[in-house]
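Undergrad: Pasting a structure below so you can have a look.
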Amino acid sequence: MPLPDQYLQFIEKFNAGEYYECHDLLEEIWMEDKSDKFLQGLLQLSVGLYHREYGNIKGARWMFGNARKYLSRYQPVHWGLDVSEVIAYIATCEAALPESDTISYAEAKNEAFPLYRLQIIHR
């Protein structure tokens with residue numbers, strides 16, 4: 001089964017740090033099958049990263065937790081993605097979040113945060 005173009009574009013946007021655009025790409029195909037928790041998990045991961053970028057730590061924490069929950073059933077590999085590795089990245093993100101529910105935009109931009117590059121390991 002060929003992978004959807006939007007999924008491949010999502011990976012490119014994710015790796016470029018364009019998390020808002022990631023949401024738009026996957027939402028389109030997720031809306032066709034809302035029971036697909038894999039797509040929903042990836043959506044929530046990108047939204048969590050977007051929230052963190054703008055200082056909404058509470059929102060990021062919530063999205064990361066949901067992403068981990070949704071993606072966990074697709075381990076170890078789904079659609080060519082090492083889901084177990086993605087879940088480990090989510091745990092790293094959760095550990096890197098500050099204790100407070102919000103931080104300023106400037107603080108969020110200046111704070112080092114773990115990056116991860118998604119890659120298709122096989123098709």
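We name chains A, B, ... following the order of the structure tokens; residues begin at 1 in each chain, and ligands are numbered from 1 as shown.
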Considering only C-alpha atoms, return as a PyMOL selection string whatever protein or nucleic-acid residues lie within 8 Å of region 4-8 of chain A, sequence-local ones (same chain, fewer than 5 positions apart) excluded.
TA: chain A and resi 25-26+29
Undergrad: I'd like the neighbourhood of Ala106 (chain A) as JSON, numbers by chain, where a residue qualifies if any of its atoms comes within 12 Å (using only C-alpha atoms), though same-chain residues fewer than 4 positions away should be ignored.
TA: {"A": [52, 53, 54, 55, 102, 110, 111, 112]}
Undergrad: Take the residues that were just selected and, keeping N, CA and C atoms, output them as a compact mmCIF listing (two decimals), in the first residue's frame.
TA:
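What landed in out25.txt:
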# COMPACT_ATOMS: atom_id res chain seq x y z
N ARG A 52 4.06 24.14 22.78
CA ARG A 52 5.28 24.39 23.55
C ARG A 52 6.05 25.57 22.97
N GLU A 53 6.08 25.67 21.65
CA GLU A 53 6.77 26.79 21.00
C GLU A 53 6.22 28.14 21.42
N TYR A 54 4.95 28.19 21.75
CA TYR A 54 4.31 29.46 22.09
C TYR A 54 4.07 29.62 23.59
N GLY A 55 4.64 28.71 24.38
CA GLY A 55 4.60 28.87 25.83
C GLY A 55 3.40 28.24 26.52
N THR A 102 2.38 27.80 31.90
CA THR A 102 2.68 28.69 30.78
C THR A 102 4.05 29.33 31.00
N ASN A 110 13.75 30.83 23.59
CA ASN A 110 15.13 30.77 24.04
C ASN A 110 15.49 29.46 24.73
N GLU A 111 14.49 28.70 25.10
CA GLU A 111 14.71 27.44 25.82
C GLU A 111 15.07 26.32 24.85
N ALA A 112 16.15 25.64 25.10
CA ALA A 112 16.53 24.50 24.26
C ALA A 112 15.48 23.40 24.46
Undergrad: Write out as a count of residues only the set of residues from chain A that DSSP, computed on the backbone, places in alpha helix (DSSP H).
TA: 75
Undergrad: Which residue, A:Ile11, A:Ile120, A:Ala60, A:Met31, has the smallest gap to Trp79 (chain A) when you use only C-alpha atoms?
TA: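 Ranked by minimum distance to Trp79 (chain A), first place goes to A:Ile120.
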Undergrad: Taking only C-alpha atoms into account, produce a table as a tab-separated table in which each residue of region 7-28 of chain A with an atom at most 9 Å from an atom of region 40-47 of chain A appears once, together with its shortest atom pair and the distance in Å to one decimal, ordered by chain and rising number.
TA:
residue	atom	partner	partner_atom	distance
A:Phe14	CA	A:Ser46	CA	7.3
A:Glu18	CA	A:Ser46	CA	8.6
A:Tyr19	CA	A:Ser46	CA	5.1
A:Tyr20	CA	A:Val47	CA	6.9
A:Glu21	CA	A:Ser46	CA	9.0
A:Cys22	CA	A:Ser46	CA	6.4
A:His23	CA	A:Leu43	CA	5.5
A:Asp24	CA	A:Leu43	CA	8.8
A:Leu26	CA	A:Leu43	CA	6.5
A:Glu27	CA	A:Leu43	CA	7.2
Undergrad: Taking N, CA and C atoms for each residue, export the selection above as a PDB file, in the first residue's frame.
TA:
ATOM      1  N   PHE A  14       7.233  18.296   9.567  1.00  0.00           N
ATOM      2  CA  PHE A  14       7.631  18.007  10.952  1.00  0.00           C
ATOM      3  C   PHE A  14       9.136  18.212  11.098  1.00  0.00           C
ATOM      4  N   GLU A  18       7.786  22.851  11.173  1.00  0.00           N
ATOM      5  CA  GLU A  18       6.564  23.569  10.803  1.00  0.00           C
ATOM      6  C   GLU A  18       5.351  22.798  11.352  1.00  0.00           C
ATOM      7  N   TYR A  19       5.189  22.879  12.668  1.00  0.00           N
ATOM      8  CA  TYR A  19       4.216  22.031  13.359  1.00  0.00           C
ATOM      9  C   TYR A  19       2.768  22.420  13.080  1.00  0.00           C
ATOM     10  N   TYR A  20       2.510  23.686  12.852  1.00  0.00           N
ATOM     11  CA  TYR A  20       1.142  24.101  12.532  1.00  0.00           C
ATOM     12  C   TYR A  20       0.724  23.518  11.185  1.00  0.00           C
ATOM     13  N   GLU A  21       1.615  23.582  10.214  1.00  0.00           N
ATOM     14  CA  GLU A  21       1.330  23.027   8.891  1.00  0.00           C
ATOM     15  C   GLU A  21       1.150  21.516   8.952  1.00  0.00           C
ATOM     16  N   CYS A  22       1.864  20.864   9.862  1.00  0.00           N
ATOM     17  CA  CYS A  22       1.723  19.413  10.059  1.00  0.00           C
ATOM     18  C   CYS A  22       0.276  19.058  10.366  1.00  0.00           C
ATOM     19  N   HIS A  23      -0.308  19.827  11.233  1.00  0.00           N
ATOM     20  CA  HIS A  23      -1.681  19.583  11.650  1.00  0.00           C
ATOM     21  C   HIS A  23      -2.617  19.637  10.448  1.00  0.00           C
ATOM     22  N   ASP A  24      -2.480  20.673   9.632  1.00  0.00           N
ATOM     23  CA  ASP A  24      -3.347  20.826   8.468  1.00  0.00           C
ATOM     24  C   ASP A  24      -3.222  19.651   7.506  1.00  0.00           C
ATOM     25  N   LEU A  26      -2.240  16.417   8.063  1.00  0.00           N
ATOM     26  CA  LEU A  26      -2.778  15.134   8.534  1.00  0.00           C
ATOM     27  C   LEU A  26      -4.256  15.198   8.847  1.00  0.00           C
ATOM     28  N   GLU A  27      -4.731  16.359   9.250  1.00  0.00           N
ATOM     29  CA  GLU A  27      -6.143  16.465   9.602  1.00  0.00           C
ATOM     30  C   GLU A  27      -7.026  16.089   8.408  1.00  0.00           C
TER      31      GLU A  27
END
Undergrad: Using backbone DSSP assignments, extract all strand (DSSP E or B) residues from chain A; output them as a ChimeraX atom specification.
TA: /A:56,77-78,81-82,102,120
Undergrad: Based on the selection just made, write C-alpha atoms of those residues as a JSON list (two decimals), in the first residue's frame.
TA:
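The file below, result16.json, is the result:
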[["chain", "number", "residue", "atom", "x", "y", "z"],
["A", 56, "ASN", "CA", 1.37, 26.90, 26.39],
["A", 77, "VAL", "CA", 6.56, 0.14, 13.38],
["A", 78, "HIS", "CA", 3.55, 1.50, 11.50],
["A", 81, "LEU", "CA", 7.68, 4.89, 11.09],
["A", 82, "ASP", "CA", 9.52, 3.59, 14.15],
["A", 102, "THR", "CA", 2.68, 28.69, 30.78],
["A", 120, "ILE", "CA", 10.41, 6.21, 6.90]]
Undergrad: By how many Å are CA of Leu49 (chain A) and CA of Ile87 (chain A) apart?
TA: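 Those two atoms sit 13.8 Å apart.
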Undergrad: Suppose you want the space between CA of Glu99 (chain A) and CA of Arg61 (chain A); what is it in Å?
TA: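 We find that CA of Glu99 (chain A) and CA of Arg61 (chain A) lie 10.1 Å from each other.
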Undergrad: List the spatial neighbours of region 116-119 of chain A as an NGL selection string - criterion: any atom at most 10 Å away, only C-alpha atoms, same-chain residues fewer than 4 positions off excluded.
TA: :A and (8 or 10-17 or 80-83 or 85-86 or 89-90 or 93)
Undergrad: Output all heavy atoms for every residue in the selection just made, as a compact mmCIF listing (two decimals), in the first residue's frame.
TA:
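Dumped everything to part.txt:
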# COMPACT_ATOMS: atom_id res chain seq x y z
N LEU A 8 3.55 11.84 3.81
CA LEU A 8 4.94 12.10 3.45
C LEU A 8 5.26 13.60 3.59
O LEU A 8 6.33 13.97 4.07
CB LEU A 8 5.22 11.60 2.03
CG LEU A 8 5.03 10.09 1.84
CD1 LEU A 8 5.18 9.72 0.38
CD2 LEU A 8 5.98 9.29 2.72
N PHE A 10 3.69 15.58 5.66
CA PHE A 10 3.69 15.80 7.11
C PHE A 10 5.10 15.56 7.67
O PHE A 10 5.60 16.36 8.46
CB PHE A 10 2.69 14.85 7.79
CG PHE A 10 2.86 14.74 9.27
CD1 PHE A 10 2.29 15.65 10.13
CD2 PHE A 10 3.63 13.72 9.82
CE1 PHE A 10 2.46 15.56 11.51
CE2 PHE A 10 3.81 13.60 11.19
CZ PHE A 10 3.22 14.54 12.03
N ILE A 11 5.72 14.47 7.26
CA ILE A 11 7.06 14.14 7.75
C ILE A 11 8.04 15.26 7.37
O ILE A 11 8.85 15.69 8.20
CB ILE A 11 7.51 12.76 7.24
CG1 ILE A 11 6.67 11.68 7.93
CG2 ILE A 11 9.01 12.53 7.47
CD1 ILE A 11 6.86 10.28 7.41
N GLU A 12 7.97 15.75 6.13
CA GLU A 12 8.84 16.85 5.71
C GLU A 12 8.61 18.10 6.55
O GLU A 12 9.57 18.74 7.01
CB GLU A 12 8.58 17.20 4.24
CG GLU A 12 9.13 16.19 3.26
CD GLU A 12 8.82 16.55 1.82
OE1 GLU A 12 8.65 17.76 1.51
OE2 GLU A 12 8.74 15.62 1.00
N LYS A 13 7.35 18.47 6.77
CA LYS A 13 7.03 19.66 7.56
C LYS A 13 7.45 19.48 9.02
O LYS A 13 7.96 20.42 9.65
CB LYS A 13 5.53 19.98 7.49
CG LYS A 13 5.04 20.37 6.13
CD LYS A 13 5.55 21.72 5.71
CE LYS A 13 4.95 22.15 4.39
NZ LYS A 13 5.55 23.36 3.88
N PHE A 14 7.23 18.30 9.57
CA PHE A 14 7.63 18.01 10.95
C PHE A 14 9.14 18.21 11.10
O PHE A 14 9.60 18.89 12.02
CB PHE A 14 7.24 16.58 11.33
CG PHE A 14 7.50 16.24 12.77
CD1 PHE A 14 6.48 16.36 13.70
CD2 PHE A 14 8.75 15.81 13.20
CE1 PHE A 14 6.71 16.05 15.05
CE2 PHE A 14 8.98 15.51 14.53
CZ PHE A 14 7.96 15.63 15.45
N ASN A 15 9.89 17.64 10.18
CA ASN A 15 11.35 17.74 10.25
C ASN A 15 11.85 19.17 10.04
O ASN A 15 12.94 19.51 10.49
CB ASN A 15 12.00 16.78 9.25
CG ASN A 15 11.79 15.33 9.65
OD1 ASN A 15 11.46 15.02 10.79
ND2 ASN A 15 11.95 14.43 8.70
N ALA A 16 11.04 19.99 9.39
CA ALA A 16 11.37 21.41 9.20
C ALA A 16 10.90 22.27 10.38
O ALA A 16 11.14 23.47 10.40
CB ALA A 16 10.76 21.92 7.90
N GLY A 17 10.23 21.64 11.36
CA GLY A 17 9.74 22.38 12.53
C GLY A 17 8.49 23.18 12.25
O GLY A 17 8.15 24.08 13.01
N GLY A 80 5.82 2.56 8.13
CA GLY A 80 7.24 2.80 7.94
C GLY A 80 7.90 3.64 9.00
O GLY A 80 9.08 3.93 8.92
N LEU A 81 7.16 4.02 10.02
CA LEU A 81 7.68 4.89 11.09
C LEU A 81 7.98 4.06 12.33
O LEU A 81 7.16 3.23 12.73
CB LEU A 81 6.63 5.95 11.41
CG LEU A 81 7.07 7.13 12.26
CD1 LEU A 81 8.11 7.97 11.53
CD2 LEU A 81 5.86 8.00 12.58
N ASP A 82 9.16 4.28 12.92
CA ASP A 82 9.52 3.59 14.15
C ASP A 82 8.75 4.25 15.30
O ASP A 82 9.20 5.22 15.91
CB ASP A 82 11.03 3.68 14.39
CG ASP A 82 11.48 2.85 15.58
OD1 ASP A 82 10.68 2.61 16.51
OD2 ASP A 82 12.66 2.44 15.59
N VAL A 83 7.57 3.73 15.56
CA VAL A 83 6.66 4.31 16.56
C VAL A 83 7.26 4.22 17.96
O VAL A 83 7.10 5.14 18.77
CB VAL A 83 5.27 3.65 16.48
CG1 VAL A 83 4.34 4.21 17.54
CG2 VAL A 83 4.66 3.84 15.09
N GLU A 85 10.31 4.54 18.76
CA GLU A 85 11.26 5.65 18.86
C GLU A 85 10.52 6.99 19.05
O GLU A 85 10.96 7.85 19.81
CB GLU A 85 12.10 5.70 17.58
CG GLU A 85 13.50 6.19 17.79
CD GLU A 85 14.31 6.09 16.52
OE1 GLU A 85 14.14 6.96 15.64
OE2 GLU A 85 15.12 5.16 16.43
N VAL A 86 9.40 7.15 18.35
CA VAL A 86 8.60 8.37 18.48
C VAL A 86 8.07 8.49 19.91
O VAL A 86 8.09 9.57 20.50
CB VAL A 86 7.44 8.40 17.45
CG1 VAL A 86 6.51 9.58 17.71
CG2 VAL A 86 7.99 8.45 16.03
N TYR A 89 10.71 9.68 22.10
CA TYR A 89 10.87 11.12 21.91
C TYR A 89 9.81 11.90 22.70
O TYR A 89 10.12 12.92 23.33
CB TYR A 89 10.80 11.47 20.42
CG TYR A 89 10.74 12.96 20.16
CD1 TYR A 89 11.80 13.79 20.49
CD2 TYR A 89 9.60 13.54 19.61
CE1 TYR A 89 11.73 15.17 20.27
CE2 TYR A 89 9.53 14.91 19.38
CZ TYR A 89 10.60 15.71 19.72
OH TYR A 89 10.53 17.07 19.50
N ILE A 90 8.58 11.42 22.68
CA ILE A 90 7.51 12.08 23.44
C ILE A 90 7.87 12.12 24.92
O ILE A 90 7.70 13.15 25.59
CB ILE A 90 6.15 11.39 23.20
CG1 ILE A 90 5.70 11.59 21.75
CG2 ILE A 90 5.09 11.92 24.18
CD1 ILE A 90 4.51 10.74 21.33
N CYS A 93 10.33 14.78 25.48
CA CYS A 93 9.67 16.09 25.44
C CYS A 93 8.96 16.38 26.76
O CYS A 93 9.07 17.48 27.30
CB CYS A 93 8.65 16.14 24.30
SG CYS A 93 9.37 16.19 22.67
Undergrad: With distances taken over only C-alpha atoms, which residue among A:Ala108, A:Ala96, A:Leu39, A:Ala91 lies nearest Tyr74 (chain A)?
TA: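 Between A:Ala108, A:Ala96, A:Leu39, A:Ala91, the residue approaching Tyr74 (chain A) most closely is A:Leu39.
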Undergrad: Between CA of Pro2 (chain A) and CA of Arg73 (chain A), what is the distance, to one decimal in Å?
TA: 21.4 Å
